[in-house]
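Structure file data-v8.cif (mmCIF, C-alpha atoms) is printed below.
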```
data_query
loop_
_atom_site.label_atom_id
_atom_site.label_comp_id
_atom_site.auth_asym_id
_atom_site.auth_seq_id
_atom_site.Cartn_x
_atom_site.Cartn_y
_atom_site.Cartn_z
CA THR A 1 18.77 11.28 -7.16
CA LEU A 2 15.17 11.35 -5.88
CA SER A 3 12.71 13.54 -7.75
CA LEU A 4 9.01 13.87 -6.92
CA HIS A 5 6.97 14.91 -9.93
CA ASP A 6 4.46 17.47 -8.66
CA ALA A 7 3.31 19.07 -11.93
CA LEU A 8 1.34 16.84 -14.29
CA PRO A 9 -0.02 19.06 -17.08
CA ILE A 10 -1.42 16.32 -19.30
CA SER A 11 -4.32 14.05 -18.35
CA ARG A 12 -5.64 11.82 -21.11
CA SER A 13 -8.95 9.98 -21.16
CA LEU A 14 -8.72 6.69 -23.01
CA LEU A 15 -11.69 4.52 -23.97
CA PHE A 16 -11.04 1.00 -25.21
CA THR A 17 -12.74 0.15 -28.48
CA ASN A 18 -12.46 -2.77 -30.89
CA ASN A 19 -9.20 -1.34 -32.24
CA PRO A 20 -6.37 -3.42 -30.78
CA PHE A 21 -3.85 -0.55 -30.63
CA LEU A 22 -4.38 3.14 -30.03
CA ASN A 23 -1.68 5.78 -29.62
CA PRO A 24 -3.28 8.32 -27.26
CA TYR A 25 -0.64 10.98 -27.87
CA THR A 26 -1.23 11.34 -31.61
CA HIS A 27 -4.76 9.88 -31.65
CA LYS A 28 -3.60 7.74 -34.56
CA THR A 29 -5.27 4.36 -34.59
CA HIS A 30 -3.21 1.35 -35.64
CA LEU A 31 -5.40 -1.48 -36.87
CA VAL A 32 -3.92 -4.92 -36.32
CA ASN A 33 -5.85 -7.64 -38.10
CA LYS A 34 -3.72 -10.60 -37.04
CA ARG A 35 -4.55 -11.86 -33.56
CA LEU A 36 -2.96 -14.49 -31.36
CA VAL A 37 -4.98 -16.95 -29.33
CA MET A 38 -3.65 -16.84 -25.78
CA GLY A 39 -1.04 -19.45 -25.04
CA CYS A 40 -0.45 -20.40 -28.65
CA SER A 41 2.93 -18.73 -28.70
CA GLY A 42 5.54 -21.41 -28.10
CA SER A 43 6.47 -22.53 -24.62
CA LYS A 44 9.19 -24.92 -23.53
CA ALA A 45 6.62 -27.49 -22.53
CA ALA A 46 4.92 -27.32 -25.92
CA GLY A 47 8.17 -27.45 -27.87
CA VAL A 48 9.45 -24.05 -28.87
CA ALA A 49 10.93 -23.37 -32.28
CA ALA A 50 14.66 -22.75 -32.44
CA ILE A 51 15.66 -19.27 -31.30
CA PRO A 52 16.50 -17.24 -34.44
CA GLU A 53 19.91 -15.67 -34.90
CA SER A 54 20.13 -12.02 -33.83
CA SER A 55 23.27 -11.03 -35.81
CA THR A 56 24.92 -9.90 -32.53
CA GLY A 57 27.02 -11.66 -29.90
CA PRO A 58 26.01 -13.01 -26.48
CA ILE A 59 24.62 -10.55 -23.90
CA GLU A 60 25.76 -10.50 -20.28
CA LEU A 61 22.52 -10.35 -18.33
CA THR A 62 22.24 -10.34 -14.53
CA ALA A 63 18.90 -11.39 -13.02
CA SER A 64 17.76 -10.16 -9.60
CA SER A 65 14.55 -9.22 -7.77
CA CYS A 66 13.08 -7.01 -5.07
CA THR A 67 9.95 -7.40 -2.95
CA THR A 68 7.49 -4.78 -1.71
CA VAL A 69 5.26 -5.62 1.25
CA ILE A 70 1.82 -4.01 0.95
CA ASP A 71 -0.81 -3.52 3.65
CA ALA A 72 -4.23 -4.05 2.04
CA LYS A 73 -7.46 -3.09 3.78
CA ILE A 74 -10.77 -4.41 2.40
CA SER A 75 -14.23 -3.42 3.62
CA GLY A 76 -17.86 -3.29 2.50
CA MET A 77 -20.42 -5.89 1.45
CA PHE A 78 -22.27 -4.61 -1.61
CA SER A 79 -19.77 -1.83 -2.27
CA LYS A 80 -16.25 -3.14 -1.78
CA GLU A 81 -13.45 -0.72 -0.95
CA MET A 82 -9.76 -1.61 -0.88
CA THR A 83 -6.72 0.51 -0.07
CA ALA A 84 -3.14 -0.64 -0.65
CA THR A 85 -0.22 1.02 1.10
CA PRO A 86 3.41 -0.14 0.78
CA GLN A 87 5.20 -0.59 4.11
CA GLU A 88 8.27 0.98 2.49
CA GLN A 89 8.24 3.45 -0.41
CA GLY A 90 10.74 3.32 -3.28
CA VAL A 91 11.76 -0.34 -2.99
CA LEU A 92 12.31 -0.71 -6.74
CA PHE A 93 14.24 2.58 -6.92
CA ASN A 94 16.50 1.56 -4.03
CA HIS A 95 17.13 -1.81 -5.65
CA VAL A 96 18.04 -0.19 -8.98
CA SER A 97 20.26 2.39 -7.26
CA GLU A 98 22.19 -0.30 -5.37
CA ASN A 99 22.93 -2.10 -8.63
CA ALA A 100 23.82 1.18 -10.37
CA ALA A 101 26.51 1.66 -7.72
CA LYS A 102 27.97 -1.64 -8.94
CA GLY A 103 28.03 -0.40 -12.55
CA LEU A 104 24.85 -2.22 -13.63
CA GLU A 105 22.10 -0.60 -15.72
CA LEU A 106 18.50 -1.84 -15.47
CA VAL A 107 17.36 -3.28 -18.79
CA THR A 108 13.80 -4.22 -17.86
CA SER A 109 11.61 -5.46 -15.04
CA TYR A 110 8.27 -7.18 -14.65
CA PRO A 111 6.06 -8.48 -11.79
CA LYS A 112 7.18 -11.96 -10.79
CA MET A 113 4.56 -14.68 -11.01
CA GLU A 114 3.77 -15.95 -7.52
CA MET A 115 0.80 -17.28 -5.59
CA PRO A 116 -0.78 -14.75 -3.21
CA GLU A 117 -1.19 -15.67 0.43
CA MET A 118 -4.84 -16.52 0.97
CA PRO A 119 -6.69 -15.27 4.06
CA GLY A 120 -7.95 -17.82 6.57
CA MET A 121 -11.50 -19.19 6.50
CA GLY A 122 -12.62 -16.78 9.22
CA ALA A 123 -11.25 -13.78 7.34
CA GLN A 124 -12.89 -14.96 4.10
CA MET A 125 -16.28 -15.26 5.82
CA GLY A 126 -15.82 -11.83 7.33
CA MET A 127 -14.96 -10.33 3.92
CA ALA A 128 -18.10 -11.90 2.40
CA LEU A 129 -20.18 -10.23 5.12
CA GLY A 130 -18.47 -6.86 4.63
CA ALA A 131 -16.34 -6.87 7.76
CA PRO A 132 -13.13 -4.79 7.51
CA THR A 133 -10.17 -7.08 6.76
CA THR A 134 -6.45 -6.31 6.72
CA MET A 135 -4.08 -8.41 4.62
CA GLU A 136 -0.35 -8.32 4.00
CA ILE A 137 0.53 -8.79 0.34
CA LYS A 138 4.01 -9.38 -1.02
CA SER A 139 4.72 -8.12 -4.54
CA THR A 140 8.02 -9.17 -6.16
CA VAL A 141 9.53 -7.54 -9.24
CA GLN A 142 11.96 -9.53 -11.41
CA THR A 143 14.79 -7.30 -12.65
CA PHE A 144 17.49 -7.67 -15.31
CA PHE A 145 20.72 -5.66 -15.53
CA LYS A 146 23.59 -5.23 -17.98
CA PRO A 147 27.07 -3.76 -17.33
CA VAL A 148 27.62 -0.06 -18.04
CA GLU A 149 30.50 0.75 -20.37
CA ALA A 150 33.65 1.61 -18.40
CA GLY A 151 34.06 5.35 -17.74
CA LYS A 152 30.36 6.15 -18.30
CA THR A 153 28.24 7.89 -15.64
CA LEU A 154 24.88 6.32 -14.77
CA THR A 155 22.15 8.46 -13.17
CA THR A 156 18.96 7.02 -11.63
CA VAL A 157 15.78 9.03 -10.90
CA LEU A 158 12.49 8.11 -9.20
CA VAL A 159 9.27 9.83 -10.31
CA TYR A 160 5.64 9.37 -9.23
CA ALA A 161 2.59 9.82 -11.48
CA PRO A 162 -1.14 9.17 -10.85
CA ILE A 163 -3.47 6.74 -12.66
CA HIS A 164 -7.27 6.81 -12.38
CA VAL A 165 -9.35 3.99 -13.89
CA ASP A 166 -13.17 3.75 -14.19
CA ALA A 167 -14.80 0.48 -15.26
CA SER A 168 -18.50 0.50 -16.16
CA VAL A 169 -20.25 -2.88 -16.16
CA GLY A 170 -22.84 -3.50 -18.89
CA PHE A 171 -24.63 -6.70 -19.85
CA MET A 172 -21.90 -9.36 -19.86
CA ASN A 173 -19.12 -6.86 -20.60
CA VAL A 174 -16.90 -4.26 -18.96
CA GLN A 175 -15.66 -1.00 -20.49
CA VAL A 176 -12.58 0.75 -19.11
CA ASN A 177 -11.90 4.49 -19.15
CA MET A 178 -8.51 5.68 -17.90
CA GLN A 179 -6.97 9.03 -17.04
CA GLU A 180 -3.25 9.17 -16.34
CA GLY A 181 -0.37 11.56 -15.94
CA ILE A 182 2.37 9.16 -17.01
CA GLY A 183 2.69 10.40 -20.59
CA ALA A 184 3.62 13.97 -19.63
CA THR A 185 6.13 12.68 -17.09
CA ILE A 186 7.89 10.38 -19.55
CA ASN A 187 7.99 13.09 -22.22
CA SER A 188 9.64 15.47 -19.77
CA TYR A 189 12.39 13.07 -18.73
CA SER A 190 12.95 11.65 -22.23
CA ALA A 191 13.73 15.15 -23.44
CA GLN A 192 16.57 15.18 -20.87
CA GLY A 193 18.02 11.91 -22.17
CA TYR A 194 16.50 9.60 -19.57
CA ARG A 195 15.06 6.17 -20.42
CA LEU A 196 12.10 4.62 -18.61
CA CYS A 197 13.58 1.35 -17.31
CA GLY A 198 11.23 0.22 -14.56
CA MET A 199 7.73 0.86 -13.30
CA GLY A 200 5.33 -0.37 -10.66
CA ILE A 201 2.35 0.62 -8.55
CA ALA A 202 3.24 2.43 -5.32
CA GLY A 203 -0.20 2.13 -3.73
CA GLY A 204 -3.82 3.03 -4.42
CA ALA A 205 -7.50 2.65 -3.62
CA THR A 206 -10.28 0.72 -5.42
CA THR A 207 -14.07 0.88 -5.05
CA THR A 208 -16.28 -1.83 -6.59
CA LYS A 209 -20.04 -1.49 -6.98
CA PHE A 210 -22.71 -3.31 -8.98
CA ALA A 211 -22.56 -0.70 -11.75
CA GLY A 212 -18.78 -0.71 -12.04
CA ALA A 213 -15.54 0.10 -10.30
CA SER A 214 -12.98 2.87 -9.98
CA SER A 215 -9.39 2.91 -8.82
CA THR A 216 -6.81 5.60 -8.14
CA SER A 217 -3.18 4.50 -8.05
CA LEU A 218 0.26 6.03 -7.88
CA ALA A 219 2.73 4.74 -10.47
CA GLU A 220 6.37 4.49 -9.48
CA LEU A 221 8.56 5.26 -12.52
CA VAL A 222 12.31 4.64 -12.51
CA PHE A 223 14.43 6.44 -15.13
CA GLN A 224 18.12 6.05 -15.96
CA LYS A 225 20.54 7.71 -18.34
CA VAL A 226 24.12 6.97 -19.30
CA ASP A 227 26.01 10.20 -20.01
CA PRO A 228 26.44 11.55 -22.56
CA ALA A 229 22.73 10.95 -23.29
CA LEU A 230 20.80 12.21 -26.30
CA PRO A 231 17.24 13.56 -25.96
CA SER A 232 14.60 11.08 -27.06
CA SER A 233 10.91 10.93 -27.92
CA CYS A 234 8.42 8.57 -26.28
CA MET A 235 5.22 6.92 -27.44
CA ILE A 236 2.55 5.00 -25.54
CA LEU A 237 0.37 2.49 -27.37
CA GLN A 238 -2.92 1.52 -25.79
CA ALA A 239 -4.19 -2.03 -26.26
CA ALA A 240 -6.61 -4.47 -24.68
CA ILE A 241 -6.55 -8.23 -24.20
CA LYS A 242 -10.10 -9.46 -24.78
CA VAL A 243 -11.17 -11.91 -22.09
CA SER A 244 -14.35 -13.99 -22.21
CA VAL A 245 -15.69 -16.18 -19.41
CA ASN A 246 -18.49 -18.59 -20.30
CA MET A 247 -19.91 -20.56 -17.37
CA GLY A 248 -16.61 -20.30 -15.57
CA VAL A 249 -14.43 -21.32 -18.54
CA MET A 250 -12.00 -18.55 -19.58
CA SER A 251 -10.69 -17.79 -23.06
CA SER A 252 -8.94 -14.72 -24.41
CA THR A 253 -7.61 -13.03 -27.52
CA VAL A 254 -4.27 -11.21 -27.52
CA PRO A 255 -3.38 -8.46 -30.03
CA ASP A 256 -0.34 -9.03 -32.23
CA PHE A 257 2.14 -7.20 -30.00
CA ALA A 258 5.15 -8.64 -31.86
CA GLY A 259 3.89 -7.44 -35.23
CA THR A 260 3.31 -3.94 -33.91
CA LEU A 261 6.72 -3.83 -32.20
CA ASN A 262 8.47 -4.90 -35.40
CA GLU A 263 6.56 -2.24 -37.32
CA TYR A 264 7.85 0.49 -35.00
CA GLY A 265 11.22 -1.18 -34.45
CA ALA A 266 11.98 -0.82 -38.15
CA GLN A 267 11.67 2.96 -37.56
CA GLY A 268 14.12 2.86 -34.64
CA TRP A 269 11.64 2.67 -31.75
CA SER A 270 12.75 0.60 -28.75
CA LEU A 271 10.52 -1.14 -26.21
CA ASP A 272 10.80 0.25 -22.68
CA GLY A 273 8.20 -2.02 -21.08
CA PHE A 274 4.53 -2.66 -20.42
CA MET A 275 2.05 -1.64 -17.76
CA MET A 276 -1.30 -3.24 -16.97
CA PRO A 277 -3.15 -0.47 -15.08
CA PRO A 278 -5.01 -1.69 -11.99
CA GLN A 279 -8.68 -2.36 -12.52
CA ALA A 280 -11.23 -4.14 -10.39
CA PRO A 281 -12.50 -7.56 -11.54
CA PRO A 282 -16.16 -8.16 -12.44
CA GLN A 283 -18.57 -8.78 -9.58
CA VAL A 284 -17.91 -11.90 -7.53
CA GLY A 285 -20.27 -14.75 -8.43
CA ALA A 286 -20.75 -13.91 -12.11
CA MET A 287 -20.25 -17.05 -14.25
CA SER A 288 -20.38 -15.48 -17.74
CA PHE A 289 -18.96 -12.09 -18.73
CA ASN A 290 -16.55 -10.31 -21.10
CA PHE A 291 -14.00 -7.66 -20.20
CA ASP A 292 -10.89 -5.89 -21.50
CA MET A 293 -7.51 -6.17 -19.76
CA ALA A 294 -5.85 -2.80 -20.36
CA VAL A 295 -2.23 -2.91 -21.58
CA GLN A 296 0.05 0.08 -22.19
CA THR A 297 3.17 -0.38 -24.36
CA TYR A 298 5.98 2.14 -23.80
CA LEU A 299 8.37 2.94 -26.66
CA SER A 300 11.24 5.43 -27.00
CA LYS A 301 13.47 6.65 -29.80
CA PRO A 302 16.50 8.99 -29.79
CA GLU A 303 15.90 12.24 -31.64
CA ALA A 304 19.11 11.52 -33.57
CA ASP A 305 19.16 8.72 -36.16
CA ALA A 306 18.22 5.50 -34.38
CA GLN A 307 19.31 2.02 -35.41
CA PRO A 308 16.37 -0.18 -36.50
CA LYS A 309 15.28 -2.90 -34.05
CA LYS A 310 13.68 -6.31 -34.45
CA TYR A 311 11.65 -8.35 -31.98
CA VAL A 312 10.83 -11.96 -31.21
CA THR A 313 8.56 -13.40 -28.53
CA ALA A 314 8.45 -16.59 -26.50
CA THR A 315 5.80 -17.74 -24.06
CA TYR A 316 6.67 -19.60 -20.88
CA ASN A 317 3.87 -21.50 -19.17
CA TYR A 318 3.90 -21.68 -15.39
CA GLN A 319 2.05 -24.71 -14.02
CA MET A 320 -0.61 -24.20 -11.37
CA LYS A 321 -2.02 -27.11 -9.37
CA VAL A 322 -5.17 -26.80 -7.28
CA GLY A 323 -5.77 -29.29 -4.49
CA VAL A 324 -7.38 -29.69 -1.10
CA GLY A 325 -4.57 -27.78 0.61
CA GLY A 326 -4.77 -24.84 -1.80
CA ALA A 327 -2.99 -23.89 -5.02
CA SER A 328 0.70 -24.09 -5.93
CA LEU A 329 2.65 -22.51 -8.78
CA SER A 330 5.81 -23.95 -10.34
CA GLY A 331 8.17 -22.95 -13.13
CA ASP A 332 11.07 -20.63 -13.87
CA PRO A 333 11.44 -18.68 -17.15
CA LEU A 334 15.02 -17.52 -16.38
CA PRO A 335 16.74 -20.35 -18.36
CA LEU A 336 14.67 -19.42 -21.43
CA ILE A 337 15.58 -15.72 -20.98
CA GLN A 338 19.30 -16.49 -20.61
CA GLU A 339 19.15 -18.79 -23.65
CA HIS A 340 17.92 -15.86 -25.73
CA ALA A 341 20.60 -13.59 -24.22
CA GLN A 342 23.30 -16.04 -25.31
CA LYS A 343 22.04 -15.62 -28.87
CA GLY A 344 22.05 -11.83 -28.69
CA TRP A 345 18.41 -11.20 -27.78
CA MET A 346 17.85 -8.69 -24.96
CA LEU A 347 14.73 -9.13 -22.81
CA LYS A 348 12.80 -5.83 -22.97
CA GLY A 349 9.42 -6.70 -21.45
CA ALA A 350 7.00 -9.36 -20.28
CA LEU A 351 3.23 -9.73 -20.06
CA SER A 352 1.28 -12.06 -17.79
CA LEU A 353 -1.66 -13.50 -19.72
CA PRO A 354 -4.93 -15.01 -18.42
CA ALA A 355 -4.65 -18.60 -17.22
CA GLN A 356 -5.83 -21.61 -19.22
CA ARG A 357 -7.42 -24.65 -17.68
CA LYS A 358 -5.30 -27.80 -17.97
CA GLY A 359 -7.14 -30.91 -16.83
CA MET A 360 -9.45 -31.02 -13.84
CA THR A 361 -7.07 -29.60 -11.22
CA GLY A 362 -4.39 -27.79 -13.21
CA MET A 363 -3.92 -24.54 -15.09
CA ALA A 364 -1.26 -23.09 -17.37
CA VAL A 365 -0.37 -19.47 -16.60
CA PRO A 366 1.41 -17.95 -19.65
CA LEU A 367 4.12 -15.30 -19.42
CA MET A 368 4.83 -13.71 -22.82
CA LEU A 369 8.45 -12.55 -23.13
CA PHE A 370 9.59 -9.87 -25.59
CA PHE A 371 13.17 -9.80 -26.89
CA GLU A 372 14.93 -7.05 -28.89
CA ALA A 373 18.01 -7.01 -31.09
CA PRO A 374 19.47 -4.34 -33.39
CA VAL A 375 19.08 -4.79 -37.13
CA VAL A 376 22.59 -5.09 -38.53
CA GLN A 377 22.86 -3.47 -41.95
CA GLN A 378 24.64 -5.61 -44.49
CA ALA A 379 27.71 -3.98 -46.04
#
```

Mind converting the file's structure to structure tokens?
Amino acid sequence: TLSLHDALPISRSLLFTNNPFLNPYTHKTHLVNKRLVMGCSGSKAAGVAAIPESSTGPIELTASSCTTVIDAKISGMFSKEMTATPQEQGVLFNHVSENAAKGLELVTSYPKMEMPEMPGMGAQMGMALGAPTTMEIKSTVQTFFKPVEAGKTLTTVLVYAPIHVDASVGFMNVQVNMQEGIGATINSYSAQGYRLCGMGIAGGATTTKFAGASSTSLAELVFQKVDPALPSSCMILQAAIKVSVNMGVMSSTVPDFAGTLNEYGAQGWSLDGFMMPPQAPPQVGAMSFNFDMAVQTYLSKPEADAQPKKYVTATYNYQMKVGVGGASLSGDPLPLIQEHAQKGWMLKGALSLPAQRKGMTGMAVPLMLFFEAPVVQQA
């Protein structure tokens, strides 16, 4: 079923402050004192601790992916403008629908880590001088499915919602203000028993100036429900990863996502995924600056009594090498994800974190994985 959402009654304005988590729909601030230094969560290369027991059996998880090809047009010298238009709309929805026809329900999805295709030297010089440039960008989404119980009916719906982001640049920092229509959309479909299972950006436009930047994007939201489905409530937590660049050396601080998820999981809330709204980077050429990377955490909970949940995280580090011929990226987190699934932990979301320098020509690019399992009450 294809549904275009044309009535968006709620538009929230969110300003990032020093509070790591903010729930914009109740305006209740959740202070999180514990912070994680980026990349300090375990990775396979660093020697991860043993995966804890989940109290449930192995999970059958099917990994797949789909790719959207985007036409990007960039123009301007002092005021950069970029528009992004997918060559084909609804790629994620079509991918999910094809798997639904096979009896597979989408558990979660996230943007796959991959190196972008760099423009040639001539195109780069033209961009620096403000000449209009057209690029083709491939964006791949990693998807994970589980079998639907025999005899159950699975319904898939596609919905679009707008996002508008303004970033104002001050002295060595960037503040982000966002207006979006996603919350109202999710509330409407959750009340009908649907679960948000996948999301992406279906196109948009960005303008960057010396004083800041603004972007308008269209979010592609994929919902599913397995009948009979109970109505549910949704909650969106706003957070920011603090990034600092000092003379070209990057460091960052990540809020305690796992602690917050376990706090809400104990109340029956389940993670539906994350979104990092598009925002323009600081001005090219700046060597020292601070900025916030906006992160939205999506949670849902059936209106009936919900079983408590628990969460664990693991961080997989991709390896990036930079040489004369360009940059290359290597690594595959799927074995780590399947290892958790065998111990009863369901992947429910992933976050790409800022890269860390590793030696003179290498970088580690962390992907933080979030796993959920039900809390089994002892008899």

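The residue that comes closest to Asp71 (chain A), out of A:Met275, A:Ala100, A:Leu154, A:Met135 and on the basis of all atoms listed in the file, is A:Met135.
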
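Nearest-residue note for Ala191 (chain A): choosing from A:Ile59, A:Ile137, A:Ile163, A:Ala229, the minimum distance belongs to A:Ala229, counting all atoms listed in the file.
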
(request) Name every residue that the PyMOL selection byres ((chain A and resi 353-369) around 9) selects in this structure, writing the answer as a ChimeraX atom specification with chains first and numbers rising. (result) /A:38-39,41,43,113,241,243,249-252,254,312-323,329,333,337,347-352,370-371

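When CA of Ser244 (chain A) is paired with CA of Asn290 (chain A), their separation reads 4.4 Å.
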
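Here, the PyMOL selection byres ((chain A and resi 156) around 9) matches A:Thr1, A:Leu2, A:Phe93, A:Val96, A:Ser97, A:Ala100, A:Leu154, A:Thr155, A:Val157, A:Leu158, A:Tyr194, A:Val222, A:Phe223, A:Gln224, A:Lys225.
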
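The space separating CA of Thr67 (chain A) from CA of Pro111 (chain A) comes to 9.7 Å.
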
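Comparing the minimum interatomic distances between Pro308 (chain A) and each of A:Asp292, A:Glu372, A:Glu53, A:Asp332, counting all atoms listed in the file, we find that A:Glu372 sits nearest.
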
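Between CA of Pro255 (chain A) and CA of Ser328 (chain A) the interatomic distance comes to 29.0 Å.
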
(request) Run the PyMOL selection byres ((chain A and resi 258) around 8) against the file shown and list the residues it catches, as JSON, numbers by chain. (result) {"A": [256, 257, 259, 260, 261, 262, 311, 312, 313, 370]}

(request) Identify which of the residues A:Ser232, A:Ser330, A:Thr85, A:Asn94 lies closest to Lys138 (chain A), counting only C-alpha atoms when measuring atom-to-atom distances. (result) A:Thr85

Completion of region 82-101 of chain A up to N, CA, C and O atoms, as a compact mmCIF listing (two decimals), in the frame of the given file:
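Writing done, so here's out-v8.txt:
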```
# COMPACT_ATOMS: atom_id res chain seq x y z
N MET A 82 -11.06 -1.08 -1.24
CA MET A 82 -9.76 -1.61 -0.88
C MET A 82 -8.71 -0.52 -1.01
O MET A 82 -8.69 0.21 -2.00
N THR A 83 -7.87 -0.40 0.00
CA THR A 83 -6.72 0.51 -0.07
C THR A 83 -5.45 -0.32 0.07
O THR A 83 -5.40 -1.30 0.81
N ALA A 84 -4.42 0.07 -0.68
CA ALA A 84 -3.14 -0.64 -0.65
C ALA A 84 -2.04 0.36 -0.37
O ALA A 84 -1.88 1.34 -1.10
N THR A 85 -1.28 0.11 0.70
CA THR A 85 -0.22 1.02 1.10
C THR A 85 1.08 0.24 1.31
O THR A 85 1.13 -0.66 2.16
N PRO A 86 2.13 0.55 0.56
CA PRO A 86 3.41 -0.14 0.78
C PRO A 86 3.98 0.18 2.15
O PRO A 86 3.90 1.32 2.62
N GLN A 87 4.56 -0.82 2.82
CA GLN A 87 5.20 -0.59 4.11
C GLN A 87 6.45 0.26 3.95
O GLN A 87 6.86 0.96 4.88
N GLU A 88 7.07 0.19 2.77
CA GLU A 88 8.27 0.98 2.49
C GLU A 88 8.17 1.54 1.07
O GLU A 88 7.94 0.77 0.12
N GLN A 89 8.30 2.83 0.91
CA GLN A 89 8.24 3.45 -0.41
C GLN A 89 9.59 3.32 -1.13
O GLN A 89 10.65 3.26 -0.51
N GLY A 90 9.53 3.27 -2.47
CA GLY A 90 10.74 3.32 -3.28
C GLY A 90 11.59 2.07 -3.25
O GLY A 90 12.81 2.15 -3.45
N VAL A 91 10.98 0.90 -3.05
CA VAL A 91 11.76 -0.34 -2.99
C VAL A 91 12.46 -0.62 -4.33
O VAL A 91 13.65 -0.95 -4.36
N LEU A 92 11.71 -0.47 -5.43
CA LEU A 92 12.31 -0.71 -6.74
C LEU A 92 13.44 0.28 -7.02
O LEU A 92 14.52 -0.10 -7.49
N PHE A 93 13.22 1.56 -6.70
CA PHE A 93 14.24 2.58 -6.92
C PHE A 93 15.50 2.27 -6.12
O PHE A 93 16.63 2.36 -6.63
N ASN A 94 15.34 1.88 -4.85
CA ASN A 94 16.50 1.56 -4.03
C ASN A 94 17.26 0.36 -4.59
O ASN A 94 18.50 0.34 -4.58
N HIS A 95 16.52 -0.62 -5.05
CA HIS A 95 17.13 -1.81 -5.65
C HIS A 95 17.94 -1.44 -6.90
O HIS A 95 19.08 -1.89 -7.07
N VAL A 96 17.35 -0.61 -7.75
CA VAL A 96 18.04 -0.19 -8.98
C VAL A 96 19.27 0.66 -8.65
O VAL A 96 20.33 0.51 -9.25
N SER A 97 19.14 1.53 -7.65
CA SER A 97 20.26 2.39 -7.26
C SER A 97 21.43 1.58 -6.71
O SER A 97 22.60 1.88 -6.99
N GLU A 98 21.13 0.55 -5.92
CA GLU A 98 22.19 -0.30 -5.37
C GLU A 98 22.97 -0.99 -6.49
O GLU A 98 24.20 -1.12 -6.42
N ASN A 99 22.26 -1.45 -7.51
CA ASN A 99 22.93 -2.10 -8.63
C ASN A 99 23.66 -1.09 -9.51
O ASN A 99 24.70 -1.41 -10.09
N ALA A 100 23.13 0.14 -9.60
CA ALA A 100 23.82 1.18 -10.37
C ALA A 100 25.18 1.49 -9.74
O ALA A 100 26.16 1.77 -10.45
N ALA A 101 25.24 1.42 -8.41
CA ALA A 101 26.51 1.66 -7.72
C ALA A 101 27.54 0.59 -8.05
O ALA A 101 28.75 0.81 -7.90
```
